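Notes to accompany the following structure.
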Amino acid sequence: MNKDQSKIIREQAPRSATREHSVPLYLTSSFIFDSAEQGRAIFAEEEEGMVYSRYANPNTSEFINKVCTLENAEAGLAFSSGMAAVFASFAAFIENGDHIISSRAIFGSTHQLFTQLFPKWGVTTSYVDAVNPDEWEKAIQPNTKIIFLESPSNPGLELVDLEWLGRFKEKYPEIILSIDNCFATPYLQKPLDYGFDLSIHSATKYMDGQGRVLGGVVVGKEELIKKMMFFIRHTGPAMSPFNAWIISKSLDTLALRMDRHCSNALALAEALENHPEIEDVKYPFLPSHPQYALAKKQMKAGGGIVTFEVKGGKERAFRFLDELNMILYTSNLGDSRSIATHPATTTHAKLTEEERNHLGIKPGSVRLSVGLEDKEDIIGDILQALEKTK
């Protein structure tokens with residue numbers, strides 16, 4: 001277990017006068033000042049103190065502190081959703097005329113930011129094949145503001161060499177190096193240790209881990225987080241105290257859950273790799289994964305996502321998904337329960353067919369978020385659905 005787990009289990013908001021053992025919910029919109037002078041000093045940032053739950057709240061602060069501990073980050077901010085966190089990590093910094101470099105393999109909604117929303121602000125984006133170091137260098141422009149990537153990517157589980165990219169970024173200190181670390185979680189991978197500036201998570205996924213609430217978080221260098229704070233103070237994408245309380249409690253078991261997610265996922269990937277009804281299986285800790293050595297180098301384990309292609313294309317994939325008994329069909333992931341998704345018609349439906357093919361998203365591709373059930377039950381449900389749809 002990660003040594004930081006003890007720290008985050010003990011991390012909590014200061015106890016109130018009632019001396020509670022478990023941190024209470026702070027369902028308040030604002031906070032009282034002891035005097036007019038204290039109010040002035042806090043607003044002038046001469047004295048620390050909470051003002052308004054849109055800015056900070058004991059529950060959100062506790063959650064942020066836990067993630068900072070896990071990520072070895074200087075500071076962080078909590079958001080109402082993962083996409084709010086992704087959006088703010090760009091919108092707080094970009095200006096008209098700026099340029100973004102991104103790995104091509106990214107989540108569909110992030111792709112829409114780059115291709116539909118940011119161009120309205122005069123911001124351009126260049127995509128690169130993440131596994132090719134030469135492309136990162138060629139993509140640099142004088143106006144490049146941010147380098148962004150996912151690793152492992154959604155849903156193709158493509159990896160980027162974090163150590164190499166951290167060294168590459170040293171040549172361009174003015175450029176922000178940012179990663180969506182959602183699939184790996186801070187338990188499996190710590191990008192900031194490699195020189196990244198910001199690490200982003202949809203806390204809705206593994207951090208909550210039970211499909212209950214929405215949330216997002218960005219952690220990293222304090223100077224960048226301060227700039228983001230100005231943005232969120234005046235745009236309002238705040239995480240609710242209730243959601244922060246839920247997710248903060250869930251982080252206490254993150255290591256235990258991720259160990260089970262990963263062991264179950266590896267067992268499933270191994271069971272499917274040579275199955276006659278499966279075209280291809282992607283999982284970072286399978287020796288057949290083209291970046292297996294890199295995965296072993298920079299990840300503690302392979303994660304909880306297995307992506308595979310069933311023979312027979314979209315029609316067979318749909319029939320397969322409909323025949324699943326225990327495994328649920330939804331677009332979420334990171335739940336305690338196993339979840340199946342058809343990326344081509346859901347999470348990545350807005351991409352063109354050419355773009356999906358380039359990312360390895362085929363009509364028969366299925367993304368499986370492997371849950372905490374008994375591994376034999378998970379594997380058995382997959383195998384029976386494959387058998388029924390032959």
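Identifiers for the structure tokens are assigned positionally: chains receive A, B, ... in sequence, residues are indexed from 1 per chain, and ligands are indexed from 1 in the order shown.
Within 12 Å of stretch 115-120 of chain A there are Phe87, Phe90, Ala91, Ile94, Glu95, Asn96, Gly97, Asp98, His99, Ile100, Ser102, Gly108, Ser109, Thr110, His111, Gln112, Leu113, Gly122, Val123, Thr124, Thr125, Ser126, Tyr127, Lys350 and Leu351 of chain A, counting only C-alpha atoms and ignoring same-chain residues fewer than 2 positions away.
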**Message:** Give me the residues near A:Val128 as a PyMOL selection string, where near means some atom within 12 Å (using only C-alpha atoms) and where sequence neighbours in that chain fewer than 5 positions away do not count.
**Reply:** chain A and resi 100-106+133-140+147-149+160+358-359
For C-alpha atoms, I'd like the residues from the last selection saved as a PDB file, in the first residue's frame.
ATOM      1  CA  ILE A 100      -2.245  24.246 -27.249  1.00  0.00           C
ATOM      2  CA  ILE A 101      -0.489  20.952 -27.965  1.00  0.00           C
ATOM      3  CA  SER A 102      -2.402  17.814 -27.048  1.00  0.00           C
ATOM      4  CA  SER A 103      -1.971  14.099 -27.416  1.00  0.00           C
ATOM      5  CA  ARG A 104      -4.460  12.846 -29.978  1.00  0.00           C
ATOM      6  CA  ALA A 105      -5.909  10.195 -27.677  1.00  0.00           C
ATOM      7  CA  ILE A 106      -8.134  12.203 -25.314  1.00  0.00           C
ATOM      8  CA  PRO A 133       8.788  12.144 -29.329  1.00  0.00           C
ATOM      9  CA  ASP A 134       9.602  13.914 -32.601  1.00  0.00           C
ATOM     10  CA  GLU A 135       6.022  15.100 -32.992  1.00  0.00           C
ATOM     11  CA  TRP A 136       6.048  16.959 -29.669  1.00  0.00           C
ATOM     12  CA  GLU A 137       9.110  18.946 -30.734  1.00  0.00           C
ATOM     13  CA  LYS A 138       7.718  19.735 -34.187  1.00  0.00           C
ATOM     14  CA  ALA A 139       4.422  20.954 -32.709  1.00  0.00           C
ATOM     15  CA  ILE A 140       5.995  23.672 -30.557  1.00  0.00           C
ATOM     16  CA  ILE A 147       0.925  20.920 -23.401  1.00  0.00           C
ATOM     17  CA  PHE A 148      -1.839  18.492 -22.438  1.00  0.00           C
ATOM     18  CA  LEU A 149      -2.208  14.718 -22.446  1.00  0.00           C
ATOM     19  CA  VAL A 160       3.021   8.699 -22.736  1.00  0.00           C
ATOM     20  CA  HIS A 358      -6.855   6.695 -35.496  1.00  0.00           C
ATOM     21  CA  LEU A 359      -7.429   6.232 -31.762  1.00  0.00           C
TER      22      LEU A 359
END
**Test item: residues at most 12 Å from A:Val51, only C-alpha atoms, excluding those fewer than 5 positions along its chain, as a list in words** =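 Near neighbours after the sequence-gap exclusion: Thr28, Ser29, Ser30, Phe31, Ile32, Phe33, Asp34, Gln38, Gly39, Arg40, Ala41, Ile42, Phe43, Ala44, Glu45, Ala56, Asn57, Pro58 and Arg233 of chain A.
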Next, the residues of the selection above should be written as a PDB file, in the first residue's frame with N, CA and C atoms.
ATOM      1  N   THR A  28     -22.948  25.364   4.672  1.00  0.00           N
ATOM      2  CA  THR A  28     -23.126  26.802   4.881  1.00  0.00           C
ATOM      3  C   THR A  28     -22.671  27.532   3.633  1.00  0.00           C
ATOM      4  N   SER A  29     -23.380  28.581   3.292  1.00  0.00           N
ATOM      5  CA  SER A  29     -22.988  29.353   2.111  1.00  0.00           C
ATOM      6  C   SER A  29     -21.875  30.342   2.443  1.00  0.00           C
ATOM      7  N   SER A  30     -21.862  30.846   3.690  1.00  0.00           N
ATOM      8  CA  SER A  30     -20.864  31.862   4.036  1.00  0.00           C
ATOM      9  C   SER A  30     -20.346  31.639   5.453  1.00  0.00           C
ATOM     10  N   PHE A  31     -19.364  32.466   5.840  1.00  0.00           N
ATOM     11  CA  PHE A  31     -18.707  32.333   7.135  1.00  0.00           C
ATOM     12  C   PHE A  31     -18.676  33.693   7.832  1.00  0.00           C
ATOM     13  N   ILE A  32     -18.819  33.667   9.147  1.00  0.00           N
ATOM     14  CA  ILE A  32     -18.947  34.904   9.929  1.00  0.00           C
ATOM     15  C   ILE A  32     -17.565  35.463  10.273  1.00  0.00           C
ATOM     16  N   PHE A  33     -17.472  36.786  10.270  1.00  0.00           N
ATOM     17  CA  PHE A  33     -16.257  37.478  10.698  1.00  0.00           C
ATOM     18  C   PHE A  33     -16.418  37.918  12.155  1.00  0.00           C
ATOM     19  N   ASP A  34     -15.346  37.807  12.902  1.00  0.00           N
ATOM     20  CA  ASP A  34     -15.399  38.221  14.305  1.00  0.00           C
ATOM     21  C   ASP A  34     -15.484  39.741  14.452  1.00  0.00           C
ATOM     22  N   GLN A  38     -11.540  42.148  10.757  1.00  0.00           N
ATOM     23  CA  GLN A  38     -11.171  40.820  10.277  1.00  0.00           C
ATOM     24  C   GLN A  38     -11.732  40.583   8.871  1.00  0.00           C
ATOM     25  N   GLY A  39     -12.960  41.025   8.642  1.00  0.00           N
ATOM     26  CA  GLY A  39     -13.533  40.892   7.302  1.00  0.00           C
ATOM     27  C   GLY A  39     -12.694  41.613   6.273  1.00  0.00           C
ATOM     28  N   ARG A  40     -12.272  42.825   6.609  1.00  0.00           N
ATOM     29  CA  ARG A  40     -11.431  43.581   5.688  1.00  0.00           C
ATOM     30  C   ARG A  40     -10.121  42.858   5.420  1.00  0.00           C
ATOM     31  N   ALA A  41      -9.495  42.338   6.492  1.00  0.00           N
ATOM     32  CA  ALA A  41      -8.185  41.697   6.369  1.00  0.00           C
ATOM     33  C   ALA A  41      -8.257  40.416   5.549  1.00  0.00           C
ATOM     34  N   ILE A  42      -9.338  39.655   5.738  1.00  0.00           N
ATOM     35  CA  ILE A  42      -9.470  38.412   4.968  1.00  0.00           C
ATOM     36  C   ILE A  42      -9.695  38.713   3.496  1.00  0.00           C
ATOM     37  N   PHE A  43     -10.555  39.688   3.198  1.00  0.00           N
ATOM     38  CA  PHE A  43     -10.790  40.045   1.800  1.00  0.00           C
ATOM     39  C   PHE A  43      -9.538  40.647   1.169  1.00  0.00           C
ATOM     40  N   ALA A  44      -8.718  41.293   1.961  1.00  0.00           N
ATOM     41  CA  ALA A  44      -7.474  41.865   1.452  1.00  0.00           C
ATOM     42  C   ALA A  44      -6.352  40.818   1.373  1.00  0.00           C
ATOM     43  N   GLU A  45      -6.677  39.584   1.785  1.00  0.00           N
ATOM     44  CA  GLU A  45      -5.725  38.466   1.785  1.00  0.00           C
ATOM     45  C   GLU A  45      -4.524  38.732   2.707  1.00  0.00           C
ATOM     46  N   ALA A  56     -14.089  28.570  -0.770  1.00  0.00           N
ATOM     47  CA  ALA A  56     -13.491  27.513   0.042  1.00  0.00           C
ATOM     48  C   ALA A  56     -14.467  27.117   1.136  1.00  0.00           C
ATOM     49  N   ASN A  57     -14.322  25.882   1.588  1.00  0.00           N
ATOM     50  CA  ASN A  57     -15.191  25.322   2.616  1.00  0.00           C
ATOM     51  C   ASN A  57     -14.378  24.241   3.326  1.00  0.00           C
ATOM     52  N   PRO A  58     -14.599  24.010   4.621  1.00  0.00           N
ATOM     53  CA  PRO A  58     -13.798  22.987   5.309  1.00  0.00           C
ATOM     54  C   PRO A  58     -13.829  21.620   4.633  1.00  0.00           C
ATOM     55  N   ARG A 233     -13.114  31.986  -8.813  1.00  0.00           N
ATOM     56  CA  ARG A 233     -13.841  32.904  -7.927  1.00  0.00           C
ATOM     57  C   ARG A 233     -14.883  33.699  -8.691  1.00  0.00           C
TER      58      ARG A 233
END
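For the residues A:Met207, A:Ala78, A:Leu286, A:Leu294, ranking by smallest atom-to-atom distance to A:Ser151 using only C-alpha atoms places A:Leu294 first.
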**Asked** Looking at A:Arg15, A:Arg54, A:Lys7, A:Lys390, which one is nearest to A:Pro276, with distances taken over only C-alpha atoms?
**Response**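 Ranking A:Arg15, A:Arg54, A:Lys7, A:Lys390 by distance to A:Pro276, first place goes to A:Lys390.
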Determine which residues of stretch 112-326 of chain A receive a DSSP assignment of strand (DSSP E), computed from the backbone, and state them as a compact mmCIF listing (two decimals) with all heavy atoms, in the first residue's frame.
# COMPACT_ATOMS: atom_id res chain seq x y z
N THR A 124 -5.83 27.97 -30.86
CA THR A 124 -5.69 26.82 -31.74
C THR A 124 -5.06 25.64 -31.00
O THR A 124 -4.37 25.83 -29.99
CB THR A 124 -4.84 27.16 -32.97
OG1 THR A 124 -3.55 27.63 -32.51
CG2 THR A 124 -5.49 28.26 -33.79
N THR A 125 -5.28 24.45 -31.54
CA THR A 125 -4.74 23.23 -30.94
C THR A 125 -4.10 22.36 -32.01
O THR A 125 -4.66 22.20 -33.10
CB THR A 125 -5.84 22.42 -30.24
OG1 THR A 125 -6.44 23.22 -29.22
CG2 THR A 125 -5.28 21.16 -29.62
N SER A 126 -2.94 21.82 -31.69
CA SER A 126 -2.28 20.85 -32.55
C SER A 126 -2.26 19.50 -31.84
O SER A 126 -1.88 19.42 -30.67
CB SER A 126 -0.84 21.26 -32.86
OG SER A 126 -0.80 22.48 -33.57
N TYR A 127 -2.68 18.44 -32.55
CA TYR A 127 -2.64 17.10 -32.01
C TYR A 127 -1.36 16.39 -32.42
O TYR A 127 -0.87 16.58 -33.54
CB TYR A 127 -3.83 16.28 -32.50
CG TYR A 127 -5.14 16.61 -31.81
CD1 TYR A 127 -6.25 17.02 -32.54
CD2 TYR A 127 -5.27 16.49 -30.43
CE1 TYR A 127 -7.45 17.31 -31.92
CE2 TYR A 127 -6.46 16.77 -29.80
CZ TYR A 127 -7.55 17.18 -30.54
OH TYR A 127 -8.74 17.47 -29.92
N VAL A 128 -0.84 15.57 -31.51
CA VAL A 128 0.35 14.78 -31.81
C VAL A 128 0.09 13.34 -31.40
O VAL A 128 -0.73 13.05 -30.53
CB VAL A 128 1.60 15.31 -31.07
CG1 VAL A 128 1.91 16.73 -31.48
CG2 VAL A 128 1.41 15.23 -29.55
N THR A 144 2.82 28.72 -28.11
CA THR A 144 2.32 27.56 -27.37
C THR A 144 2.24 27.89 -25.88
O THR A 144 3.23 28.28 -25.27
CB THR A 144 3.22 26.33 -27.59
OG1 THR A 144 3.24 26.01 -28.99
CG2 THR A 144 2.71 25.14 -26.81
N LYS A 145 1.05 27.70 -25.30
CA LYS A 145 0.83 28.03 -23.89
C LYS A 145 0.78 26.78 -23.01
O LYS A 145 1.27 26.79 -21.88
CB LYS A 145 -0.48 28.83 -23.76
CG LYS A 145 -0.86 29.22 -22.32
CD LYS A 145 0.07 30.22 -21.70
CE LYS A 145 0.00 31.59 -22.36
NZ LYS A 145 -1.26 32.31 -22.10
N ILE A 146 0.16 25.70 -23.53
CA ILE A 146 -0.09 24.52 -22.71
C ILE A 146 0.20 23.26 -23.52
O ILE A 146 -0.15 23.17 -24.71
CB ILE A 146 -1.55 24.49 -22.21
CG1 ILE A 146 -1.85 25.69 -21.30
CG2 ILE A 146 -1.85 23.19 -21.46
CD1 ILE A 146 -3.31 25.84 -20.94
N ILE A 147 0.82 22.27 -22.88
CA ILE A 147 0.92 20.92 -23.40
C ILE A 147 0.04 20.04 -22.53
O ILE A 147 0.17 20.03 -21.31
CB ILE A 147 2.38 20.40 -23.38
CG1 ILE A 147 3.25 21.22 -24.33
CG2 ILE A 147 2.43 18.93 -23.74
CD1 ILE A 147 4.72 20.87 -24.25
N PHE A 148 -0.85 19.28 -23.17
CA PHE A 148 -1.84 18.49 -22.44
C PHE A 148 -1.85 17.06 -22.95
O PHE A 148 -1.65 16.81 -24.14
CB PHE A 148 -3.23 19.11 -22.62
CG PHE A 148 -4.34 18.28 -22.02
CD1 PHE A 148 -4.60 18.33 -20.66
CD2 PHE A 148 -5.11 17.44 -22.82
CE1 PHE A 148 -5.61 17.57 -20.10
CE2 PHE A 148 -6.13 16.68 -22.26
CZ PHE A 148 -6.39 16.75 -20.91
N LEU A 149 -2.11 16.12 -22.05
CA LEU A 149 -2.21 14.72 -22.45
C LEU A 149 -3.01 13.92 -21.44
O LEU A 149 -3.27 14.38 -20.32
CB LEU A 149 -0.81 14.10 -22.57
CG LEU A 149 0.01 14.07 -21.28
CD1 LEU A 149 0.79 12.77 -21.16
CD2 LEU A 149 0.99 15.25 -21.27
N GLU A 150 -3.42 12.73 -21.85
CA GLU A 150 -3.97 11.71 -20.97
C GLU A 150 -3.03 10.52 -21.01
O GLU A 150 -2.53 10.16 -22.07
CB GLU A 150 -5.35 11.25 -21.43
CG GLU A 150 -6.43 12.29 -21.38
CD GLU A 150 -7.77 11.75 -21.89
OE1 GLU A 150 -7.89 10.51 -22.07
OE2 GLU A 150 -8.68 12.56 -22.12
N ILE A 176 2.99 25.44 -19.86
CA ILE A 176 2.38 24.65 -18.79
C ILE A 176 2.23 23.21 -19.27
O ILE A 176 1.66 22.95 -20.33
CB ILE A 176 1.00 25.23 -18.40
CG1 ILE A 176 1.15 26.65 -17.87
CG2 ILE A 176 0.31 24.34 -17.37
CD1 ILE A 176 -0.16 27.40 -17.73
N LEU A 177 2.73 22.26 -18.48
CA LEU A 177 2.61 20.83 -18.79
C LEU A 177 1.54 20.23 -17.90
O LEU A 177 1.68 20.20 -16.67
CB LEU A 177 3.96 20.14 -18.58
CG LEU A 177 4.02 18.64 -18.90
CD1 LEU A 177 3.62 18.37 -20.35
CD2 LEU A 177 5.43 18.11 -18.64
N SER A 178 0.47 19.75 -18.53
CA SER A 178 -0.73 19.35 -17.80
C SER A 178 -1.17 17.96 -18.22
O SER A 178 -1.09 17.61 -19.40
CB SER A 178 -1.85 20.37 -18.08
OG SER A 178 -3.04 20.03 -17.43
N ILE A 179 -1.66 17.17 -17.27
CA ILE A 179 -2.08 15.80 -17.56
C ILE A 179 -3.43 15.48 -16.92
O ILE A 179 -3.70 15.90 -15.79
CB ILE A 179 -1.02 14.78 -17.08
CG1 ILE A 179 -1.42 13.35 -17.46
CG2 ILE A 179 -0.78 14.90 -15.59
CD1 ILE A 179 -0.33 12.31 -17.18
N ASP A 180 -4.25 14.77 -17.65
CA ASP A 180 -5.44 14.16 -17.08
C ASP A 180 -5.00 12.81 -16.51
O ASP A 180 -4.72 11.87 -17.25
CB ASP A 180 -6.51 13.97 -18.17
CG ASP A 180 -7.82 13.43 -17.63
OD1 ASP A 180 -7.78 12.68 -16.63
OD2 ASP A 180 -8.88 13.70 -18.22
N LEU A 198 0.59 20.56 -13.67
CA LEU A 198 -0.77 20.35 -13.20
C LEU A 198 -1.20 18.91 -13.44
O LEU A 198 -0.86 18.32 -14.47
CB LEU A 198 -1.75 21.29 -13.91
CG LEU A 198 -1.57 22.80 -13.73
CD1 LEU A 198 -2.54 23.55 -14.63
CD2 LEU A 198 -1.78 23.20 -12.27
N SER A 199 -1.94 18.37 -12.49
CA SER A 199 -2.54 17.05 -12.63
C SER A 199 -4.04 17.17 -12.37
O SER A 199 -4.45 17.75 -11.35
CB SER A 199 -1.91 16.05 -11.66
OG SER A 199 -2.42 14.75 -11.85
N ILE A 200 -4.84 16.63 -13.29
CA ILE A 200 -6.29 16.83 -13.29
C ILE A 200 -6.99 15.49 -13.08
O ILE A 200 -6.57 14.47 -13.63
CB ILE A 200 -6.75 17.44 -14.62
CG1 ILE A 200 -5.94 18.70 -14.95
CG2 ILE A 200 -8.24 17.75 -14.60
CD1 ILE A 200 -6.05 19.13 -16.39
N HIS A 201 -8.09 15.52 -12.32
CA HIS A 201 -8.86 14.30 -12.10
C HIS A 201 -10.35 14.58 -12.18
O HIS A 201 -10.83 15.61 -11.70
CB HIS A 201 -8.58 13.73 -10.70
CG HIS A 201 -7.20 13.26 -10.50
ND1 HIS A 201 -6.78 11.98 -10.79
CD2 HIS A 201 -6.10 13.91 -10.04
CE1 HIS A 201 -5.50 11.85 -10.52
NE2 HIS A 201 -5.06 13.02 -10.07
N SER A 202 -11.07 13.65 -12.77
CA SER A 202 -12.50 13.57 -12.54
C SER A 202 -12.67 12.77 -11.25
O SER A 202 -12.51 11.54 -11.25
CB SER A 202 -13.21 12.87 -13.70
OG SER A 202 -14.57 12.62 -13.35
N GLY A 216 -14.45 17.23 -9.46
CA GLY A 216 -13.19 17.33 -10.18
C GLY A 216 -12.16 18.00 -9.29
O GLY A 216 -12.51 18.68 -8.31
N VAL A 217 -10.90 17.82 -9.63
CA VAL A 217 -9.84 18.45 -8.85
C VAL A 217 -8.63 18.67 -9.74
O VAL A 217 -8.35 17.88 -10.63
CB VAL A 217 -9.47 17.57 -7.62
CG1 VAL A 217 -8.95 16.21 -8.04
CG2 VAL A 217 -8.48 18.28 -6.70
N VAL A 218 -7.95 19.80 -9.51
CA VAL A 218 -6.68 20.11 -10.17
C VAL A 218 -5.68 20.41 -9.07
O VAL A 218 -5.94 21.22 -8.17
CB VAL A 218 -6.80 21.33 -11.11
CG1 VAL A 218 -5.44 21.62 -11.76
CG2 VAL A 218 -7.86 21.10 -12.17
N VAL A 219 -4.52 19.75 -9.13
CA VAL A 219 -3.46 20.02 -8.17
C VAL A 219 -2.16 20.27 -8.93
O VAL A 219 -2.00 19.84 -10.07
CB VAL A 219 -3.27 18.85 -7.17
CG1 VAL A 219 -4.52 18.64 -6.34
CG2 VAL A 219 -2.89 17.56 -7.89
N GLY A 220 -1.23 20.98 -8.29
CA GLY A 220 0.04 21.25 -8.94
C GLY A 220 0.79 22.38 -8.29
O GLY A 220 0.71 22.57 -7.06
N ILE A 278 -12.61 -12.62 -29.68
CA ILE A 278 -12.05 -11.31 -29.40
C ILE A 278 -10.93 -11.01 -30.40
O ILE A 278 -10.03 -11.81 -30.60
CB ILE A 278 -11.48 -11.24 -27.96
CG1 ILE A 278 -12.58 -11.46 -26.93
CG2 ILE A 278 -10.78 -9.91 -27.71
CD1 ILE A 278 -13.63 -10.37 -26.88
N GLU A 279 -11.02 -9.82 -31.03
CA GLU A 279 -10.00 -9.40 -32.00
C GLU A 279 -8.74 -8.88 -31.31
O GLU A 279 -7.62 -9.16 -31.73
CB GLU A 279 -10.56 -8.30 -32.91
CG GLU A 279 -11.64 -8.75 -33.87
CD GLU A 279 -11.08 -9.46 -35.09
OE1 GLU A 279 -9.85 -9.66 -35.15
OE2 GLU A 279 -11.87 -9.80 -35.97
N ASP A 280 -8.95 -8.11 -30.26
CA ASP A 280 -7.82 -7.41 -29.66
C ASP A 280 -8.14 -7.06 -28.21
O ASP A 280 -9.31 -6.77 -27.88
CB ASP A 280 -7.52 -6.14 -30.46
CG ASP A 280 -6.36 -5.35 -29.90
OD1 ASP A 280 -5.29 -5.95 -29.70
OD2 ASP A 280 -6.52 -4.14 -29.63
N VAL A 281 -7.15 -7.12 -27.34
CA VAL A 281 -7.31 -6.73 -25.93
C VAL A 281 -6.23 -5.71 -25.60
O VAL A 281 -5.05 -5.93 -25.89
CB VAL A 281 -7.19 -7.93 -24.98
CG1 VAL A 281 -7.32 -7.46 -23.53
CG2 VAL A 281 -8.25 -8.96 -25.29
N LYS A 282 -6.63 -4.60 -24.98
CA LYS A 282 -5.69 -3.58 -24.55
C LYS A 282 -5.71 -3.49 -23.02
O LYS A 282 -6.76 -3.25 -22.42
CB LYS A 282 -6.02 -2.23 -25.15
CG LYS A 282 -5.89 -2.14 -26.67
CD LYS A 282 -6.14 -0.72 -27.15
CE LYS A 282 -5.94 -0.58 -28.66
NZ LYS A 282 -7.00 -1.28 -29.42
N ILE A 305 -9.19 -0.40 -16.17
CA ILE A 305 -9.88 -0.37 -17.46
C ILE A 305 -9.28 -1.40 -18.41
O ILE A 305 -8.05 -1.46 -18.57
CB ILE A 305 -9.80 1.02 -18.11
CG1 ILE A 305 -10.35 2.09 -17.17
CG2 ILE A 305 -10.55 1.04 -19.45
CD1 ILE A 305 -11.82 1.97 -16.84
N VAL A 306 -10.13 -2.19 -19.02
CA VAL A 306 -9.73 -3.10 -20.09
C VAL A 306 -10.56 -2.75 -21.32
O VAL A 306 -11.80 -2.64 -21.23
CB VAL A 306 -9.97 -4.58 -19.70
CG1 VAL A 306 -9.60 -5.50 -20.87
CG2 VAL A 306 -9.18 -4.95 -18.46
N THR A 307 -9.91 -2.55 -22.45
CA THR A 307 -10.61 -2.27 -23.70
C THR A 307 -10.38 -3.43 -24.66
O THR A 307 -9.23 -3.85 -24.86
CB THR A 307 -10.12 -0.95 -24.33
OG1 THR A 307 -10.38 0.13 -23.41
CG2 THR A 307 -10.85 -0.66 -25.62
N PHE A 308 -11.44 -3.95 -25.22
CA PHE A 308 -11.31 -5.08 -26.14
C PHE A 308 -12.28 -4.92 -27.31
O PHE A 308 -13.28 -4.20 -27.22
CB PHE A 308 -11.53 -6.41 -25.42
CG PHE A 308 -12.84 -6.53 -24.69
CD1 PHE A 308 -13.96 -7.06 -25.31
CD2 PHE A 308 -12.94 -6.13 -23.37
CE1 PHE A 308 -15.17 -7.18 -24.65
CE2 PHE A 308 -14.14 -6.24 -22.68
CZ PHE A 308 -15.26 -6.77 -23.32
N GLU A 309 -11.96 -5.61 -28.40
CA GLU A 309 -12.79 -5.55 -29.61
C GLU A 309 -13.39 -6.92 -29.86
O GLU A 309 -12.68 -7.90 -30.04
CB GLU A 309 -11.95 -5.11 -30.81
CG GLU A 309 -12.76 -4.99 -32.10
CD GLU A 309 -11.88 -4.70 -33.30
OE1 GLU A 309 -10.67 -4.50 -33.12
OE2 GLU A 309 -12.42 -4.69 -34.43
N VAL A 310 -14.71 -6.97 -29.88
CA VAL A 310 -15.39 -8.23 -30.18
C VAL A 310 -15.51 -8.39 -31.69
O VAL A 310 -15.65 -7.41 -32.43
CB VAL A 310 -16.78 -8.30 -29.53
CG1 VAL A 310 -16.68 -8.25 -28.02
CG2 VAL A 310 -17.69 -7.18 -30.04
**Prompt:** Using only C-alpha atoms, which of A:Lys249, A:Arg19, A:Arg316, A:His342 sits nearest A:Glu62?
**Reply:** A:Lys249
